[in-house]
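This is my_file02.cif. It holds mmCIF, C-alpha atoms.
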```cif
data_final
loop_
_atom_site.group_PDB
_atom_site.id
_atom_site.type_symbol
_atom_site.label_atom_id
_atom_site.label_comp_id
_atom_site.auth_asym_id
_atom_site.auth_seq_id
_atom_site.Cartn_x
_atom_site.Cartn_y
_atom_site.Cartn_z
ATOM 1 C CA MET A 170 -8.540 14.549 13.120
ATOM 2 C CA THR A 171 -9.296 18.258 13.055
ATOM 3 C CA GLY A 172 -9.524 20.180 9.803
ATOM 4 C CA ASN A 173 -7.030 22.541 8.185
ATOM 5 C CA LYS A 174 -4.181 20.040 8.191
ATOM 6 C CA ILE A 175 -0.676 21.442 7.705
ATOM 7 C CA LEU A 176 1.233 18.153 7.329
ATOM 8 C CA SER A 177 0.149 14.891 5.743
ATOM 9 C CA ILE A 178 2.557 11.954 5.604
ATOM 10 C CA GLN A 179 1.420 9.185 3.270
ATOM 11 C CA GLY A 180 3.004 5.743 2.971
ATOM 12 C CA LEU A 181 6.412 7.013 4.097
ATOM 13 C CA ARG A 182 9.308 4.561 3.855
ATOM 14 C CA THR A 183 12.874 5.408 4.907
ATOM 15 C CA GLU A 184 15.726 2.960 4.282
ATOM 16 C CA PHE A 185 19.401 2.646 5.174
ATOM 17 C CA PRO A 186 21.390 0.375 2.831
ATOM 18 C CA THR A 187 23.710 -2.263 4.284
ATOM 19 C CA PRO A 188 25.821 -5.041 2.693
ATOM 20 C CA HIS A 189 23.082 -7.476 3.735
ATOM 21 C CA GLY A 190 20.166 -5.506 2.353
ATOM 22 C CA PRO A 191 18.267 -2.343 3.311
ATOM 23 C CA ILE A 192 17.233 -1.559 6.881
ATOM 24 C CA VAL A 193 13.720 -0.109 6.794
ATOM 25 C CA ALA A 194 13.507 2.246 9.770
ATOM 26 C CA VAL A 195 10.163 3.809 8.775
ATOM 27 C CA ASN A 196 7.800 1.473 6.978
ATOM 28 C CA GLY A 197 4.583 2.703 5.375
ATOM 29 C CA VAL A 198 3.721 5.415 7.904
ATOM 30 C CA ASP A 199 0.596 7.569 7.465
ATOM 31 C CA LEU A 200 0.175 10.612 9.720
ATOM 32 C CA GLU A 201 -1.620 13.941 9.703
ATOM 33 C CA VAL A 202 -1.388 16.986 11.934
ATOM 34 C CA ALA A 203 -3.555 20.108 11.748
ATOM 35 C CA ARG A 204 -2.824 23.733 12.545
ATOM 36 C CA GLY A 205 -2.815 24.300 16.304
ATOM 37 C CA GLU A 206 -2.725 20.565 17.014
ATOM 38 C CA VAL A 207 -0.161 18.646 19.065
ATOM 39 C CA LEU A 208 0.537 15.092 17.920
ATOM 40 C CA GLY A 209 2.549 12.861 20.239
ATOM 41 C CA ILE A 210 4.635 10.015 18.828
ATOM 42 C CA VAL A 211 5.667 7.423 21.386
ATOM 43 C CA GLY A 212 7.489 4.113 21.468
ATOM 44 C CA GLU A 213 10.633 2.471 22.789
ATOM 45 C CA SER A 214 14.069 3.576 21.645
ATOM 46 C CA GLY A 215 14.658 2.129 18.187
ATOM 47 C CA SER A 216 11.001 2.125 17.168
ATOM 48 C CA GLY A 217 11.563 4.671 14.379
ATOM 49 C CA LYS A 218 10.279 7.863 16.040
ATOM 50 C CA THR A 219 13.379 9.990 15.471
ATOM 51 C CA VAL A 220 13.915 8.741 11.910
ATOM 52 C CA LEU A 221 10.307 9.662 11.146
ATOM 53 C CA GLY A 222 10.905 13.199 12.425
ATOM 54 C CA LEU A 223 14.151 13.566 10.483
ATOM 55 C CA SER A 224 12.460 12.263 7.340
ATOM 56 C CA ALA A 225 9.705 14.864 7.666
ATOM 57 C CA MET A 226 12.389 17.588 7.902
ATOM 58 C CA GLY A 227 14.470 16.270 4.988
ATOM 59 C CA LEU A 228 17.394 15.609 7.312
ATOM 60 C CA ILE A 229 18.168 11.943 6.630
ATOM 61 C CA ASP A 230 21.916 11.622 6.052
ATOM 62 C CA LEU A 231 23.150 9.662 3.050
ATOM 63 C CA PRO A 232 23.228 6.825 2.271
ATOM 64 C CA GLY A 233 19.875 6.727 4.051
ATOM 65 C CA LYS A 234 16.937 8.063 2.065
ATOM 66 C CA VAL A 235 13.184 8.253 1.775
ATOM 67 C CA THR A 236 12.341 5.620 -0.835
ATOM 68 C CA ALA A 237 8.538 5.813 -0.948
ATOM 69 C CA GLY A 238 5.597 7.899 0.099
ATOM 70 C CA ARG A 239 4.788 11.598 0.214
ATOM 71 C CA ILE A 240 5.323 14.392 2.744
ATOM 72 C CA LEU A 241 2.676 17.015 1.994
ATOM 73 C CA PHE A 242 3.330 20.327 3.754
ATOM 74 C CA GLY A 243 1.141 23.275 2.907
ATOM 75 C CA GLY A 244 -0.011 21.390 -0.190
ATOM 76 C CA GLN A 245 3.514 20.727 -1.523
ATOM 77 C CA ASP A 246 5.204 17.320 -1.683
ATOM 78 C CA LEU A 247 8.500 17.879 0.127
ATOM 79 C CA THR A 248 9.972 14.599 -1.107
ATOM 80 C CA ARG A 249 10.409 16.361 -4.465
ATOM 81 C CA HIS A 250 12.195 19.377 -2.977
ATOM 82 C CA THR A 251 15.822 20.203 -3.711
ATOM 83 C CA GLU A 252 18.137 20.981 -0.800
ATOM 84 C CA ALA A 253 17.859 24.696 -1.597
ATOM 85 C CA GLN A 254 14.075 24.460 -1.363
ATOM 86 C CA TRP A 255 14.345 22.605 1.946
ATOM 87 C CA GLN A 256 16.626 25.291 3.367
ATOM 88 C CA ALA A 257 14.119 27.980 2.445
ATOM 89 C CA ILE A 258 11.477 26.472 4.742
ATOM 90 C CA ARG A 259 13.588 24.979 7.558
ATOM 91 C CA GLY A 260 13.768 27.395 10.472
ATOM 92 C CA LYS A 261 11.059 29.609 8.991
ATOM 93 C CA ARG A 262 8.034 27.436 8.303
ATOM 94 C CA MET A 263 9.342 24.208 9.851
ATOM 95 C CA ALA A 264 11.635 23.836 12.849
ATOM 96 C CA MET A 265 13.098 20.881 14.716
ATOM 97 C CA VAL A 266 14.265 20.631 18.308
ATOM 98 C CA PHE A 267 16.757 17.813 18.839
ATOM 99 C CA GLN A 268 17.301 15.790 22.006
ATOM 100 C CA ASP A 269 21.004 16.693 22.083
ATOM 101 C CA PRO A 270 21.378 20.502 21.923
ATOM 102 C CA THR A 271 25.083 20.257 21.027
ATOM 103 C CA THR A 272 24.054 19.171 17.523
ATOM 104 C CA SER A 273 22.268 22.505 17.015
ATOM 105 C CA LEU A 274 24.673 25.027 18.554
ATOM 106 C CA ASN A 275 27.959 26.344 17.156
ATOM 107 C CA PRO A 276 30.546 25.897 19.951
ATOM 108 C CA VAL A 277 32.666 28.888 18.826
ATOM 109 C CA GLN A 278 29.867 31.442 18.402
ATOM 110 C CA ARG A 279 28.095 33.367 21.158
ATOM 111 C CA ILE A 280 24.536 32.300 21.953
ATOM 112 C CA GLY A 281 23.086 35.722 21.141
ATOM 113 C CA ALA A 282 24.755 35.866 17.732
ATOM 114 C CA GLN A 283 23.426 32.425 16.833
ATOM 115 C CA MET A 284 19.862 33.237 17.833
ATOM 116 C CA ILE A 285 19.843 36.627 16.118
ATOM 117 C CA GLU A 286 21.263 35.046 12.969
ATOM 118 C CA ALA A 287 18.505 32.400 13.009
ATOM 119 C CA LEU A 288 15.917 35.171 13.179
ATOM 120 C CA GLN A 289 17.445 37.461 10.568
ATOM 121 C CA ALA A 290 17.977 34.573 8.132
ATOM 122 C CA HIS A 291 14.229 34.411 7.561
ATOM 123 C CA ARG A 292 12.944 37.891 8.480
ATOM 124 C CA ASP A 293 13.808 41.373 7.280
ATOM 125 C CA ILE A 294 14.438 42.807 10.715
ATOM 126 C CA SER A 295 17.068 45.034 12.340
ATOM 127 C CA LYS A 296 19.605 43.614 14.769
ATOM 128 C CA ASP A 297 18.122 45.607 17.658
ATOM 129 C CA ALA A 298 14.604 44.380 16.907
ATOM 130 C CA ALA A 299 15.882 40.823 16.561
ATOM 131 C CA LYS A 300 17.672 41.126 19.896
ATOM 132 C CA ARG A 301 14.442 42.164 21.638
ATOM 133 C CA ILE A 302 12.606 39.144 20.228
ATOM 134 C CA VAL A 303 15.476 36.847 21.247
ATOM 135 C CA LEU A 304 15.462 38.209 24.813
ATOM 136 C CA GLU A 305 11.707 37.635 25.092
ATOM 137 C CA ALA A 306 12.112 34.073 23.828
ATOM 138 C CA MET A 307 14.864 33.358 26.360
ATOM 139 C CA VAL A 308 12.685 34.573 29.219
ATOM 140 C CA ARG A 309 9.808 32.377 27.990
ATOM 141 C CA VAL A 310 11.913 29.229 28.360
ATOM 142 C CA GLY A 311 13.195 30.132 31.813
ATOM 143 C CA ILE A 312 16.650 31.599 31.084
ATOM 144 C CA ASN A 313 17.530 34.138 33.769
ATOM 145 C CA SER A 314 19.670 37.254 33.100
ATOM 146 C CA PRO A 315 19.159 36.937 29.330
ATOM 147 C CA GLU A 316 21.223 40.056 28.525
ATOM 148 C CA GLU A 317 24.278 38.419 30.074
ATOM 149 C CA ARG A 318 23.521 35.022 28.577
ATOM 150 C CA LEU A 319 23.500 36.446 25.062
ATOM 151 C CA LEU A 320 27.259 36.964 25.408
ATOM 152 C CA SER A 321 27.956 33.413 26.594
ATOM 153 C CA TYR A 322 29.222 30.468 24.550
ATOM 154 C CA PRO A 323 27.427 27.088 24.548
ATOM 155 C CA HIS A 324 30.075 25.435 26.755
ATOM 156 C CA GLN A 325 29.264 27.985 29.487
ATOM 157 C CA PHE A 326 25.710 26.606 29.737
ATOM 158 C CA SER A 327 24.591 23.417 31.413
ATOM 159 C CA GLY A 328 22.994 20.738 29.239
ATOM 160 C CA GLY A 329 19.531 21.810 30.359
ATOM 161 C CA MET A 330 20.261 25.471 29.656
ATOM 162 C CA ARG A 331 21.544 24.651 26.176
ATOM 163 C CA GLN A 332 18.316 22.797 25.489
ATOM 164 C CA ARG A 333 16.307 25.832 26.555
ATOM 165 C CA VAL A 334 18.282 27.935 24.057
ATOM 166 C CA VAL A 335 17.503 25.465 21.263
ATOM 167 C CA ILE A 336 13.797 25.454 22.131
ATOM 168 C CA ALA A 337 13.752 29.259 22.231
ATOM 169 C CA THR A 338 15.468 29.392 18.827
ATOM 170 C CA ALA A 339 12.857 27.062 17.310
ATOM 171 C CA LEU A 340 10.095 29.358 18.565
ATOM 172 C CA LEU A 341 11.626 32.581 17.217
ATOM 173 C CA ASN A 342 10.004 32.609 13.773
ATOM 174 C CA GLU A 343 6.717 31.105 14.984
ATOM 175 C CA PRO A 344 6.848 28.354 12.336
ATOM 176 C CA ASP A 345 3.836 26.507 10.945
ATOM 177 C CA LEU A 346 5.263 23.188 12.208
ATOM 178 C CA ILE A 347 7.666 22.225 14.989
ATOM 179 C CA ILE A 348 9.017 18.694 15.361
ATOM 180 C CA ALA A 349 10.407 18.191 18.857
ATOM 181 C CA ASP A 350 12.493 15.066 19.552
ATOM 182 C CA GLU A 351 12.623 14.413 23.322
ATOM 183 C CA PRO A 352 13.165 18.165 23.895
ATOM 184 C CA THR A 353 12.615 18.284 27.660
ATOM 185 C CA THR A 354 14.541 15.174 28.712
ATOM 186 C CA ALA A 355 17.431 17.172 30.242
ATOM 187 C CA LEU A 356 15.215 19.719 32.019
ATOM 188 C CA ASP A 357 13.982 19.752 35.605
ATOM 189 C CA VAL A 358 10.262 19.152 36.072
ATOM 190 C CA THR A 359 9.442 22.790 36.889
ATOM 191 C CA VAL A 360 11.008 24.178 33.707
ATOM 192 C CA GLN A 361 9.617 21.217 31.754
ATOM 193 C CA ALA A 362 6.078 22.098 32.876
ATOM 194 C CA GLN A 363 6.639 25.752 31.974
ATOM 195 C CA ILE A 364 7.875 24.890 28.485
ATOM 196 C CA LEU A 365 5.007 22.470 27.916
ATOM 197 C CA ARG A 366 2.549 25.262 28.783
ATOM 198 C CA ASP A 367 4.338 27.801 26.563
ATOM 199 C CA VAL A 368 4.592 25.478 23.579
ATOM 200 C CA ARG A 369 0.952 24.441 23.780
ATOM 201 C CA ARG A 370 -0.078 28.102 24.103
ATOM 202 C CA LEU A 371 1.939 28.898 20.965
ATOM 203 C CA CYS A 372 0.089 26.171 19.097
ATOM 204 C CA GLN A 373 -3.258 27.579 20.210
ATOM 205 C CA ASP A 374 -2.454 31.258 19.623
ATOM 206 C CA ALA A 375 -0.353 31.066 16.458
ATOM 207 C CA GLY A 376 -1.887 27.949 14.909
ATOM 208 C CA THR A 377 1.461 26.152 14.980
ATOM 209 C CA ALA A 378 1.308 22.379 14.504
ATOM 210 C CA LEU A 379 3.562 20.381 16.825
ATOM 211 C CA ILE A 380 4.837 16.817 16.600
ATOM 212 C CA TRP A 381 6.186 15.826 20.020
ATOM 213 C CA VAL A 382 8.410 12.732 19.895
ATOM 214 C CA SER A 383 8.923 11.074 23.271
ATOM 215 C CA HIS A 384 9.201 7.857 25.217
ATOM 216 C CA ASP A 385 7.603 9.616 28.222
ATOM 217 C CA LEU A 386 3.875 8.950 28.166
ATOM 218 C CA GLY A 387 3.418 11.285 31.144
ATOM 219 C CA VAL A 388 4.722 14.251 29.162
ATOM 220 C CA VAL A 389 2.727 13.279 26.079
ATOM 221 C CA ALA A 390 -0.436 13.030 28.185
ATOM 222 C CA GLN A 391 0.073 16.659 29.263
ATOM 223 C CA ILE A 392 0.645 18.190 25.851
ATOM 224 C CA ALA A 393 -0.732 16.050 23.008
ATOM 225 C CA HIS A 394 -4.233 16.107 21.531
ATOM 226 C CA ARG A 395 -3.598 12.837 19.701
ATOM 227 C CA VAL A 396 -1.017 10.062 20.044
ATOM 228 C CA ALA A 397 0.563 7.707 17.514
ATOM 229 C CA VAL A 398 2.353 4.638 18.885
ATOM 230 C CA MET A 399 5.285 3.290 16.845
ATOM 231 C CA TYR A 400 6.826 -0.163 16.907
ATOM 232 C CA ALA A 401 9.523 -1.507 14.543
ATOM 233 C CA GLY A 402 9.039 1.336 12.083
ATOM 234 C CA ARG A 403 5.249 1.163 11.864
ATOM 235 C CA ILE A 404 2.305 2.895 13.520
ATOM 236 C CA VAL A 405 0.517 0.263 15.615
ATOM 237 C CA GLU A 406 -2.112 2.493 17.203
ATOM 238 C CA GLN A 407 -3.252 6.103 17.069
ATOM 239 C CA GLY A 408 -6.086 8.088 18.536
ATOM 240 C CA ILE A 409 -7.250 10.812 20.914
ATOM 241 C CA THR A 410 -4.800 11.001 23.829
ATOM 242 C CA ASN A 411 -7.157 10.581 26.792
ATOM 243 C CA ARG A 412 -9.064 7.730 25.204
ATOM 244 C CA LEU A 413 -5.980 5.900 23.972
ATOM 245 C CA LEU A 414 -4.207 6.105 27.343
ATOM 246 C CA LYS A 415 -7.335 5.058 29.234
ATOM 247 C CA THR A 416 -8.416 2.183 26.964
ATOM 248 C CA PRO A 417 -5.517 1.108 24.702
ATOM 249 C CA SER A 418 -6.377 -1.334 21.939
ATOM 250 C CA HIS A 419 -2.928 -2.633 20.991
ATOM 251 C CA PRO A 420 -1.130 -4.931 23.488
ATOM 252 C CA TYR A 421 2.071 -2.939 22.955
ATOM 253 C CA THR A 422 0.363 0.314 23.924
ATOM 254 C CA ALA A 423 -1.115 -1.389 26.968
ATOM 255 C CA GLY A 424 2.360 -2.641 27.920
ATOM 256 C CA LEU A 425 3.865 0.837 27.674
ATOM 257 C CA ILE A 426 1.128 2.279 29.878
ATOM 258 C CA ALA A 427 1.414 -0.532 32.433
ATOM 259 C CA SER A 428 5.161 0.070 32.777
ATOM 260 C CA MET A 429 4.700 3.714 33.807
ATOM 261 C CA PRO A 430 5.447 4.456 37.479
ATOM 262 C CA THR A 431 2.529 6.143 39.257
ATOM 263 C CA ASN A 432 1.553 7.025 42.807
ATOM 264 C CA ALA A 433 -1.059 4.269 42.662
ATOM 265 C CA LYS A 434 1.773 1.744 42.179
ATOM 266 C CA ARG A 435 3.934 3.016 45.043
ATOM 267 C CA GLY A 436 5.858 0.098 46.534
ATOM 268 C CA GLU A 437 4.813 -2.278 43.760
ATOM 269 C CA ARG A 438 7.253 -3.886 41.351
ATOM 270 C CA LEU A 439 7.126 -2.132 37.986
ATOM 271 C CA ARG A 440 5.785 -4.187 35.109
ATOM 272 C CA SER A 441 7.757 -4.487 31.900
ATOM 273 C CA ILE A 442 7.205 -5.779 28.405
ATOM 274 C CA PRO A 443 9.111 -9.063 28.019
ATOM 275 C CA GLY A 444 11.864 -9.307 25.424
ATOM 276 C CA GLY A 445 13.115 -6.442 23.296
ATOM 277 C CA LEU A 446 12.604 -4.740 19.964
ATOM 278 C CA PRO A 447 13.386 -7.023 17.016
ATOM 279 C CA GLN A 448 16.273 -6.238 14.680
ATOM 280 C CA LEU A 449 14.947 -4.326 11.695
ATOM 281 C CA SER A 450 17.118 -6.494 9.476
ATOM 282 C CA ASN A 451 15.404 -9.626 10.772
ATOM 283 C CA LEU A 452 11.774 -8.853 11.529
ATOM 284 C CA PRO A 453 9.493 -11.767 12.389
ATOM 285 C CA VAL A 454 6.910 -12.842 9.836
ATOM 286 C CA GLY A 455 3.609 -11.074 10.355
ATOM 287 C CA CYS A 456 3.158 -8.857 13.402
ATOM 288 C CA ALA A 457 6.540 -7.617 14.648
ATOM 289 C CA PHE A 458 5.260 -7.483 18.247
ATOM 290 C CA ALA A 459 3.955 -11.067 18.289
ATOM 291 C CA PRO A 460 7.072 -12.646 19.925
ATOM 292 C CA ARG A 461 6.585 -10.354 22.947
ATOM 293 C CA CYS A 462 2.786 -10.453 23.045
ATOM 294 C CA ALA A 463 0.756 -12.542 25.490
ATOM 295 C CA GLN A 464 -2.225 -12.317 23.106
ATOM 296 C CA ALA A 465 -0.333 -13.755 20.101
ATOM 297 C CA SER A 466 -1.899 -16.530 18.035
ATOM 298 C CA ALA A 467 -1.425 -18.189 14.655
ATOM 299 C CA ALA A 468 -3.379 -15.317 13.091
ATOM 300 C CA CYS A 469 -0.462 -13.004 13.932
ATOM 301 C CA ASP A 470 1.685 -14.715 11.284
ATOM 302 C CA VAL A 471 0.053 -12.363 8.764
ATOM 303 C CA LEU A 472 0.962 -8.663 9.004
ATOM 304 C CA PRO A 473 -2.175 -6.839 10.162
ATOM 305 C CA GLU A 474 -3.324 -3.614 8.520
ATOM 306 C CA LEU A 475 -3.865 -0.377 10.437
ATOM 307 C CA VAL A 476 -7.662 -0.519 10.749
ATOM 308 C CA SER A 477 -9.918 2.336 11.871
ATOM 309 C CA THR A 478 -12.132 1.323 14.776
ATOM 310 C CA SER A 479 -13.778 4.738 14.915
ATOM 311 C CA ALA A 480 -13.491 8.115 13.208
ATOM 312 C CA GLU A 481 -10.575 9.057 15.469
ATOM 313 C CA HIS A 482 -8.924 5.758 16.345
ATOM 314 C CA ALA A 483 -6.995 3.063 14.479
ATOM 315 C CA VAL A 484 -5.087 -0.053 15.538
ATOM 316 C CA ARG A 485 -2.824 -2.604 13.835
ATOM 317 C CA CYS A 486 -3.816 -5.847 15.574
ATOM 318 C CA VAL A 487 -5.842 -8.927 14.659
ATOM 319 C CA SER A 488 -7.223 -9.190 18.218
ATOM 320 C CA PRO A 489 -7.408 -5.640 19.669
ATOM 321 C CA LEU A 490 -7.993 -5.372 23.384
ATOM 322 C CA ASN A 491 -10.841 -2.872 23.055
ATOM 323 C CA GLU A 492 -12.778 -3.377 19.835
ATOM 324 C CA ALA A 493 -14.864 -0.239 20.276
ATOM 325 C CA ALA A 494 -12.076 2.118 21.353
#
```
Just give me the structure as structure tokens.
Amino acid sequence: MTGNKILSIQGLRTEFPTPHGPIVAVNGVDLEVARGEVLGIVGESGSGKTVLGLSAMGLIDLPGKVTAGRILFGGQDLTRHTEAQWQAIRGKRMAMVFQDPTTSLNPVQRIGAQMIEALQAHRDISKDAAKRIVLEAMVRVGINSPEERLLSYPHQFSGGMRQRVVIATALLNEPDLIIADEPTTALDVTVQAQILRDVRRLCQDAGTALIWVSHDLGVVAQIAHRVAVMYAGRIVEQGITNRLLKTPSHPYTAGLIASMPTNAKRGERLRSIPGGLPQLSNLPVGCAFAPRCAQASAACDVLPELVSTSAEHAVRCVSPLNEAA
């Protein structure tokens, strides 16, 4: 973990009440990200990645709520913030890029007006100056003929183009922290590579911290300095990207890596992790991954702690695959 951390999540717990008891979607998560650092969060759909990102942005819809833990941003505990205080930092100091761009764009307002408004809401800047910044941002994310596109409505863009607009909008105010939830899923590989380069350059040049939520380990390998692996609402492994992907310690991480298609596996049958994610309302006793794990033993009936195996690596497993990772 590098110094000068901008975000520190400590013991975070997010619940959604049901008639049969609370569903705990994020359960005791600890994370840190420093200025200029990219942290990847990976895991299967339903592992808690998106809820973690929404919790960090104060965007959990009622009746869901953060019930424990702290979200320290710039030294302040955001869990104590009022909605007015949240609104003062969202878009300016913190920004989020959602997987579905339609949730971020007003369907009856022109793209240019929305982007200029997002800029002027947090900066004392003229409309002409804001327009110049918006045009530059659109070019950076691969939007051709930006002058014309400013006059378009969201429905006149393809899904991929709408996502580029949302990414450009998040970059406008050069925030201290960006949380990106599967932001390049709808983009072709060429534009995806361009955006990955631009976003990482922003982090390096402006000191922006980035949390990149994804199920795509290939993308995370390209952009992230560190990776945290989530399963059933908990972090099961985290560490430096190259080391973690090369020598995973948790069987779940190893299963995710083994299921990735590569040129080396051309013609081979893809491997998969047996079974599926457990229901959060009915988690197994002890390790939640044990029913799917070939390494499981009686010792897995007790929930393991997230244990540091080195200064930059931790794993939640009683029998890690690589003890000295």
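Each of A:Glu213, A:Glu316, A:Asp297, A:Glu305 was compared to A:Ser383 using only C-alpha atoms, and A:Glu213 turns out to be the nearest.
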The PyMOL selection byres ((chain A and resi 480-487) around 8) applied to the shown file, residues as an NGL selection string
:A and (170 or 404-409 or 418-419 or 456 or 468-469 or 473-479 or 488-489 or 494)
For this file, the PyMOL selection byres ((chain A and resi 226) around 10) selects which residues, as a list in words?
Val220, Leu221, Gly222, Leu223, Ser224, Ala225, Gly227, Leu228, Ile229, Ile240, Leu247, Thr248, Trp255, Gln256, Ile258, Arg259, Met263, Ala264, Met265, Ile347 and Ile348 of chain A
What would the selection look like, as an MDAnalysis selection string, if the PyMOL selection byres ((chain A and resi 395) around 6) were run on the coordinates I just shared?
chainID A and resid 208 393:394 396 408:410
Smallest atom-to-atom distance to A:His384: which of A:Gln254, A:Thr431, A:Thr236, A:Thr219, using all atoms listed in the file?
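Distance minimum relative to A:His384 lands on A:Thr219.
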Of the candidates A:Ala427, A:Leu181, A:Val388, A:Ile280, which shows the shortest atom-to-atom distance to A:Gln363, using only C-alpha atoms?
A:Val388
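Residue nearest A:His324 within the list A:Gln278, A:Thr338, A:Thr416, A:Thr354: A:Gln278 [criterion: smallest interatomic distance, all atoms listed in the file].
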Residue with smallest distance to A:Thr353 - pool A:Leu241, A:Val454, A:Leu304, A:Leu365, counting only C-alpha atoms
A:Leu365
Please compute the atom CA of A:Met399-atom CA of A:Val310 distance, one decimal, in Å.
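Result for atom CA of A:Met399 versus atom CA of A:Val310: 29.1 Å, one decimal.
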Among the residues A:Ala298, A:Ile312, A:Val198, A:Val334, the one that comes closest to A:Thr271 [using all atoms listed in the file]
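Of A:Ala298, A:Ile312, A:Val198, A:Val334, the one nearest A:Thr271, counting all atoms listed in the file, is A:Val334.
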Which residues are close to A:His291, i.e. within 6 Å by all atoms listed in the file, leaving aside same-chain residues fewer than 2 positions away? Reply as number ranges by chain.
A: 261, 288-289
Atom pair atom CA of A:Gln245 + atom CA of A:Val195, distance 20.9 Å
Tell me which residues come within 10 Å of (25.7, 32.6, 19.6), as a ChimeraX atom specification, counting all atoms listed in the file in the file's coordinates.
/A:274-287,318-323,334
Just C-alpha atoms for this one: save the residues we selected as a tab-separated table (two decimals), keeping the file's coordinate frame.
```
chain	number	residue	atom	x	y	z
A	274	LEU	CA	24.67	25.03	18.55
A	275	ASN	CA	27.96	26.34	17.16
A	276	PRO	CA	30.55	25.90	19.95
A	277	VAL	CA	32.67	28.89	18.83
A	278	GLN	CA	29.87	31.44	18.40
A	279	ARG	CA	28.10	33.37	21.16
A	280	ILE	CA	24.54	32.30	21.95
A	281	GLY	CA	23.09	35.72	21.14
A	282	ALA	CA	24.76	35.87	17.73
A	283	GLN	CA	23.43	32.42	16.83
A	284	MET	CA	19.86	33.24	17.83
A	285	ILE	CA	19.84	36.63	16.12
A	286	GLU	CA	21.26	35.05	12.97
A	287	ALA	CA	18.50	32.40	13.01
A	318	ARG	CA	23.52	35.02	28.58
A	319	LEU	CA	23.50	36.45	25.06
A	320	LEU	CA	27.26	36.96	25.41
A	321	SER	CA	27.96	33.41	26.59
A	322	TYR	CA	29.22	30.47	24.55
A	323	PRO	CA	27.43	27.09	24.55
A	334	VAL	CA	18.28	27.94	24.06
```
Computed interatomic separation between atom CA of A:Arg331 and atom CA of A:Gly205 (Å):
26.3 Å
Please list as a count of residues only every residue within 9 Å of A:Val211, counting only C-alpha atoms and excluding residues in the same chain fewer than 4 positions away.
14
Exercise: A:Leu439 partners within 9 Å, all atoms listed in the file, chain neighbours under 5 positions left out, as a list in words
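Within the cut-off, the hits are Ala427, Ser428, Met429, Pro430 and Lys434 of chain A.
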Quick one: everything within 12 Å of stretch 367-374 of chain A, counting only C-alpha atoms, minus sequence neighbours fewer than 6 positions away in the same chain. Send it as an MDAnalysis selection string.
chainID A and resid 202:208 306:311 336:337 339:349 352:353 360:361 380:381 389 391:394
Using only the atoms of stretch 459-464 of chain A listed in the file, plus 4 Å on each side, state the axis-aligned box centre and edge lengths in Å rounded to one decimal, as lines of an AutoDock Vina configuration file.
```
center_x = 2.4
center_y = -11.5
center_z = 21.9
size_x = 17.3
size_y = 10.3
size_z = 15.2
```
Can you patch up stretch 242-253 of chain A, filling it in to N, CA and C atoms, and show the result as a short mmCIF file (atom, residue, chain, number, x, y, z; two decimals), keeping the file's coordinate frame?
```
data_model
loop_
_atom_site.label_atom_id
_atom_site.label_comp_id
_atom_site.auth_asym_id
_atom_site.auth_seq_id
_atom_site.Cartn_x
_atom_site.Cartn_y
_atom_site.Cartn_z
N PHE A 242 3.26 19.22 2.80
CA PHE A 242 3.33 20.33 3.75
C PHE A 242 2.83 21.58 3.06
N GLY A 243 1.72 22.11 3.56
CA GLY A 243 1.14 23.28 2.91
C GLY A 243 0.76 23.00 1.47
N GLY A 244 0.39 21.75 1.16
CA GLY A 244 -0.01 21.39 -0.19
C GLY A 244 1.11 20.99 -1.12
N GLN A 245 2.38 21.09 -0.69
CA GLN A 245 3.51 20.73 -1.52
C GLN A 245 4.12 19.41 -1.06
N ASP A 246 4.56 18.59 -2.00
CA ASP A 246 5.20 17.32 -1.68
C ASP A 246 6.69 17.58 -1.46
N LEU A 247 7.11 17.54 -0.21
CA LEU A 247 8.50 17.88 0.13
C LEU A 247 9.49 16.83 -0.34
N THR A 248 9.03 15.62 -0.64
CA THR A 248 9.97 14.60 -1.11
C THR A 248 10.55 14.96 -2.48
N ARG A 249 9.92 15.92 -3.16
CA ARG A 249 10.41 16.36 -4.46
C ARG A 249 11.27 17.62 -4.37
N HIS A 250 11.45 18.14 -3.15
CA HIS A 250 12.20 19.38 -2.98
C HIS A 250 13.70 19.17 -3.15
N THR A 251 14.36 20.17 -3.70
CA THR A 251 15.82 20.20 -3.71
C THR A 251 16.30 20.67 -2.34
N GLU A 252 17.60 20.54 -2.08
CA GLU A 252 18.14 20.98 -0.80
C GLU A 252 17.94 22.49 -0.62
N ALA A 253 18.07 23.25 -1.69
CA ALA A 253 17.86 24.70 -1.60
C ALA A 253 16.42 25.02 -1.20
#
```
